[in-house]
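Accompanying notes for the structure given below.
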Amino acid sequence: MNAMFSRHEIVRFGWCDFAGIMFFPRYFELANDTVEAWFGEALGITYRQLHGDLGWSVPTVRFDADFKAPSRMDDRLTIDLVVEQLGGASCTLKIAAHADGQLRFFGRQVIVLTDRATLRPRPWPDDLRARIAPFIEEPA
């Protein structure tokens, strides 16, 4: 059984548009916040360490998204992350947001480990690859 990283957010008033639903770009921010939390909490490397101390970066090179149902103020979202595929320098993530048992958002995000100064891809180090491995989704 693979591990899943999960976190929670409550939809805030300022996240909603005039129609009273969560403005769709906020899901991209939540996905980014979830990846950052996953690195810090589950992989044991904070973005400060990653970007500062190590001089690396993990830019997004692709993001596909489906907006399944609206979220409204005070909804409690659970945001889940699993790894679909781990490549030499890339990592494909599946991120889903649910509330009240209903899928609200699904995204597939590809990040690439790079040298921050050159933005050239670099291979995932063996120790970090080993920490990512438990989150790799098992084939269906």
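By order of appearance in the structure tokens: chains A, B, ..., then residues from 1 within every chain, and ligands from 1 in the order shown.
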Could you list, as a PyMOL selection string, every residue within 8 Å of segment 32-46 of chain A, counting only C-alpha atoms and ignoring same-chain residues fewer than 6 positions away?
chain A and resi 5+7+79+81+128+131-132
Using DSSP secondary structure from the backbone, list all strand (DSSP E) positions within segment 44-109 of chain A, as a short mmCIF file (atom, residue, chain, number, x, y, z; two decimals) with N, CA and C atoms, in the first residue's frame.
data_model
loop_
_atom_site.label_atom_id
_atom_site.label_comp_id
_atom_site.auth_asym_id
_atom_site.auth_seq_id
_atom_site.Cartn_x
_atom_site.Cartn_y
_atom_site.Cartn_z
N TRP A 56 18.76 24.20 -5.11
CA TRP A 56 17.93 23.49 -6.08
C TRP A 56 16.60 24.20 -6.23
N SER A 57 15.81 23.73 -7.16
CA SER A 57 14.46 24.24 -7.37
C SER A 57 13.61 23.12 -7.94
N THR A 60 7.36 23.76 -11.78
CA THR A 60 6.30 23.01 -12.46
C THR A 60 6.48 23.19 -13.96
N VAL A 61 6.50 22.08 -14.69
CA VAL A 61 6.64 22.15 -16.15
C VAL A 61 5.35 21.78 -16.87
N ARG A 62 4.40 21.22 -16.13
CA ARG A 62 3.10 20.88 -16.71
C ARG A 62 2.09 20.78 -15.58
N PHE A 63 0.87 21.24 -15.86
CA PHE A 63 -0.20 21.11 -14.88
C PHE A 63 -1.52 20.99 -15.64
N ASP A 64 -2.15 19.81 -15.52
CA ASP A 64 -3.48 19.58 -16.09
C ASP A 64 -4.47 19.56 -14.95
N ALA A 65 -5.61 20.20 -15.14
CA ALA A 65 -6.57 20.31 -14.04
C ALA A 65 -8.00 20.10 -14.51
N ASP A 66 -8.78 19.48 -13.63
CA ASP A 66 -10.22 19.33 -13.83
C ASP A 66 -10.91 19.90 -12.59
N PHE A 67 -11.88 20.76 -12.81
CA PHE A 67 -12.66 21.35 -11.74
C PHE A 67 -13.99 20.62 -11.72
N ARG A 76 -14.55 22.58 4.24
CA ARG A 76 -13.28 22.03 4.71
C ARG A 76 -12.74 21.11 3.63
N LEU A 77 -11.68 21.55 2.99
CA LEU A 77 -11.07 20.78 1.91
C LEU A 77 -9.99 19.86 2.46
N THR A 78 -9.97 18.64 1.96
CA THR A 78 -8.86 17.73 2.18
C THR A 78 -8.13 17.65 0.86
N ILE A 79 -6.84 17.96 0.89
CA ILE A 79 -6.03 17.93 -0.32
C ILE A 79 -5.07 16.76 -0.20
N ASP A 80 -5.15 15.83 -1.15
CA ASP A 80 -4.34 14.61 -1.14
C ASP A 80 -3.32 14.66 -2.27
N LEU A 81 -2.14 14.12 -2.00
CA LEU A 81 -1.07 14.07 -2.99
C LEU A 81 -0.51 12.65 -3.02
N VAL A 82 -0.36 12.11 -4.23
CA VAL A 82 0.38 10.86 -4.46
C VAL A 82 1.28 11.08 -5.66
N VAL A 83 2.30 10.25 -5.76
CA VAL A 83 3.23 10.31 -6.88
C VAL A 83 2.77 9.29 -7.92
N GLU A 84 2.52 9.76 -9.11
CA GLU A 84 2.14 8.86 -10.20
C GLU A 84 3.38 8.22 -10.83
N GLN A 85 4.43 9.02 -10.99
CA GLN A 85 5.64 8.51 -11.64
C GLN A 85 6.83 9.34 -11.17
N LEU A 86 7.93 8.65 -10.90
CA LEU A 86 9.18 9.31 -10.54
C LEU A 86 10.20 9.00 -11.62
N SER A 90 12.32 14.25 -13.09
CA SER A 90 10.93 14.68 -13.01
C SER A 90 10.15 13.86 -11.98
N CYS A 91 9.01 14.40 -11.62
CA CYS A 91 8.11 13.71 -10.69
C CYS A 91 6.69 14.14 -11.05
N THR A 92 5.85 13.18 -11.39
CA THR A 92 4.46 13.47 -11.73
C THR A 92 3.60 13.22 -10.50
N LEU A 93 2.88 14.26 -10.09
CA LEU A 93 2.06 14.22 -8.89
C LEU A 93 0.59 14.25 -9.27
N LYS A 94 -0.22 13.54 -8.50
CA LYS A 94 -1.67 13.64 -8.61
C LYS A 94 -2.16 14.31 -7.34
N ILE A 95 -2.89 15.40 -7.51
CA ILE A 95 -3.39 16.17 -6.39
C ILE A 95 -4.91 16.28 -6.52
N ALA A 96 -5.60 15.91 -5.45
CA ALA A 96 -7.07 15.95 -5.46
C ALA A 96 -7.56 16.68 -4.22
N ALA A 97 -8.59 17.50 -4.40
CA ALA A 97 -9.23 18.19 -3.28
C ALA A 97 -10.66 17.68 -3.16
N HIS A 98 -11.01 17.29 -1.93
CA HIS A 98 -12.36 16.79 -1.63
C HIS A 98 -12.96 17.61 -0.50
N ALA A 99 -14.27 17.65 -0.47
CA ALA A 99 -15.00 18.21 0.66
C ALA A 99 -16.34 17.48 0.74
N GLN A 102 -17.02 14.70 -1.66
CA GLN A 102 -17.17 15.02 -3.08
C GLN A 102 -15.85 15.54 -3.64
N LEU A 103 -15.45 15.01 -4.79
CA LEU A 103 -14.27 15.50 -5.47
C LEU A 103 -14.56 16.88 -6.02
N ARG A 104 -13.71 17.84 -5.66
CA ARG A 104 -13.90 19.22 -6.13
C ARG A 104 -12.89 19.59 -7.22
N PHE A 105 -11.67 19.05 -7.10
CA PHE A 105 -10.58 19.41 -8.00
C PHE A 105 -9.65 18.21 -8.16
N PHE A 106 -9.17 18.01 -9.38
CA PHE A 106 -8.16 16.99 -9.62
C PHE A 106 -7.10 17.58 -10.54
N GLY A 107 -5.84 17.45 -10.15
CA GLY A 107 -4.75 17.96 -10.97
C GLY A 107 -3.62 16.96 -11.10
N ARG A 108 -2.99 17.02 -12.24
CA ARG A 108 -1.78 16.22 -12.48
C ARG A 108 -0.68 17.24 -12.77
N GLN A 109 0.34 17.23 -11.89
CA GLN A 109 1.39 18.23 -11.93
C GLN A 109 2.74 17.55 -12.12
#
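Atom pair atom CA of Glu29 of chain A / atom CA of Gly14 of chain A has a distance of 13.5 Å (rounded to one decimal).
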Residue neighbourhood Trp15 of chain A, 8 Å, only C-alpha atoms, exclusion window fewer than 3 positions, as a PyMOL selection string:
chain A and resi 11-12+22-23+26+73
Dump C-alpha atoms for the selected residues as a JSON list (two decimals), in the first residue's frame?
[["chain", "number", "residue", "atom", "x", "y", "z"],
["A", 11, "VAL", "CA", -12.23, 27.92, 2.18],
["A", 12, "ARG", "CA", -11.88, 31.54, 3.26],
["A", 22, "MET", "CA", -13.90, 29.52, -4.57],
["A", 23, "PHE", "CA", -12.08, 31.31, -7.41],
["A", 26, "ARG", "CA", -6.81, 29.25, -5.74],
["A", 73, "MET", "CA", -16.85, 29.59, 1.92]]
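Proximity to Gly20 of chain A was assessed for A:Asp74, A:Arg129, A:His8, A:Gly52 counting only C-alpha atoms; the smallest distance is recorded for A:Asp74.
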Would you give me, as a tab-separated table (two decimals) with C-alpha atoms, in the first residue's frame, the residues in segment 2-138 of chain A that DSSP reads as helix (DSSP H, G or I)?
chain	number	residue	atom	x	y	z
A	13	PHE	CA	-14.12	34.48	2.37
A	14	GLY	CA	-11.28	36.15	0.44
A	15	TRP	CA	-10.86	33.06	-1.75
A	25	PRO	CA	-6.85	29.85	-9.49
A	26	ARG	CA	-6.81	29.25	-5.74
A	27	TYR	CA	-6.68	25.50	-6.44
A	28	PHE	CA	-3.29	26.01	-8.10
A	29	GLU	CA	-2.07	27.86	-5.01
A	30	LEU	CA	-3.38	25.05	-2.80
A	31	ALA	CA	-1.60	22.50	-4.99
A	32	ASN	CA	1.65	24.46	-4.68
A	33	ASP	CA	1.18	24.78	-0.90
A	34	THR	CA	0.56	21.03	-0.73
A	35	VAL	CA	3.75	20.21	-2.64
A	36	GLU	CA	5.72	22.54	-0.36
A	37	ALA	CA	4.18	20.95	2.75
A	38	TRP	CA	4.90	17.46	1.36
A	39	PHE	CA	8.56	18.30	0.89
A	40	GLY	CA	8.88	19.76	4.39
A	41	GLU	CA	6.67	17.43	6.41
A	42	ALA	CA	6.93	14.09	4.59
A	47	TYR	CA	11.68	24.73	0.64
A	48	ARG	CA	14.14	27.00	2.48
A	49	GLN	CA	16.67	24.15	2.57
A	50	LEU	CA	15.86	23.07	-0.98
A	51	HIS	CA	16.04	26.49	-2.61
A	52	GLY	CA	18.51	28.15	-0.24
A	53	ASP	CA	20.95	25.71	1.33
A	126	ASP	CA	19.26	8.60	-3.95
A	127	ASP	CA	18.29	9.63	-0.39
A	128	LEU	CA	15.50	11.93	-1.60
A	129	ARG	CA	14.36	9.35	-4.15
A	130	ALA	CA	14.08	6.83	-1.28
A	131	ARG	CA	11.88	9.26	0.71
A	132	ILE	CA	9.65	9.84	-2.32
A	133	ALA	CA	9.28	6.10	-3.08
A	134	PRO	CA	6.59	5.32	-0.45
A	135	PHE	CA	4.31	7.89	-2.12
Go ahead and compute the interatomic distance for atom CA of Leu119 of chain A and atom CA of Glu137 of chain A, in Å to one decimal.
27.5 Å
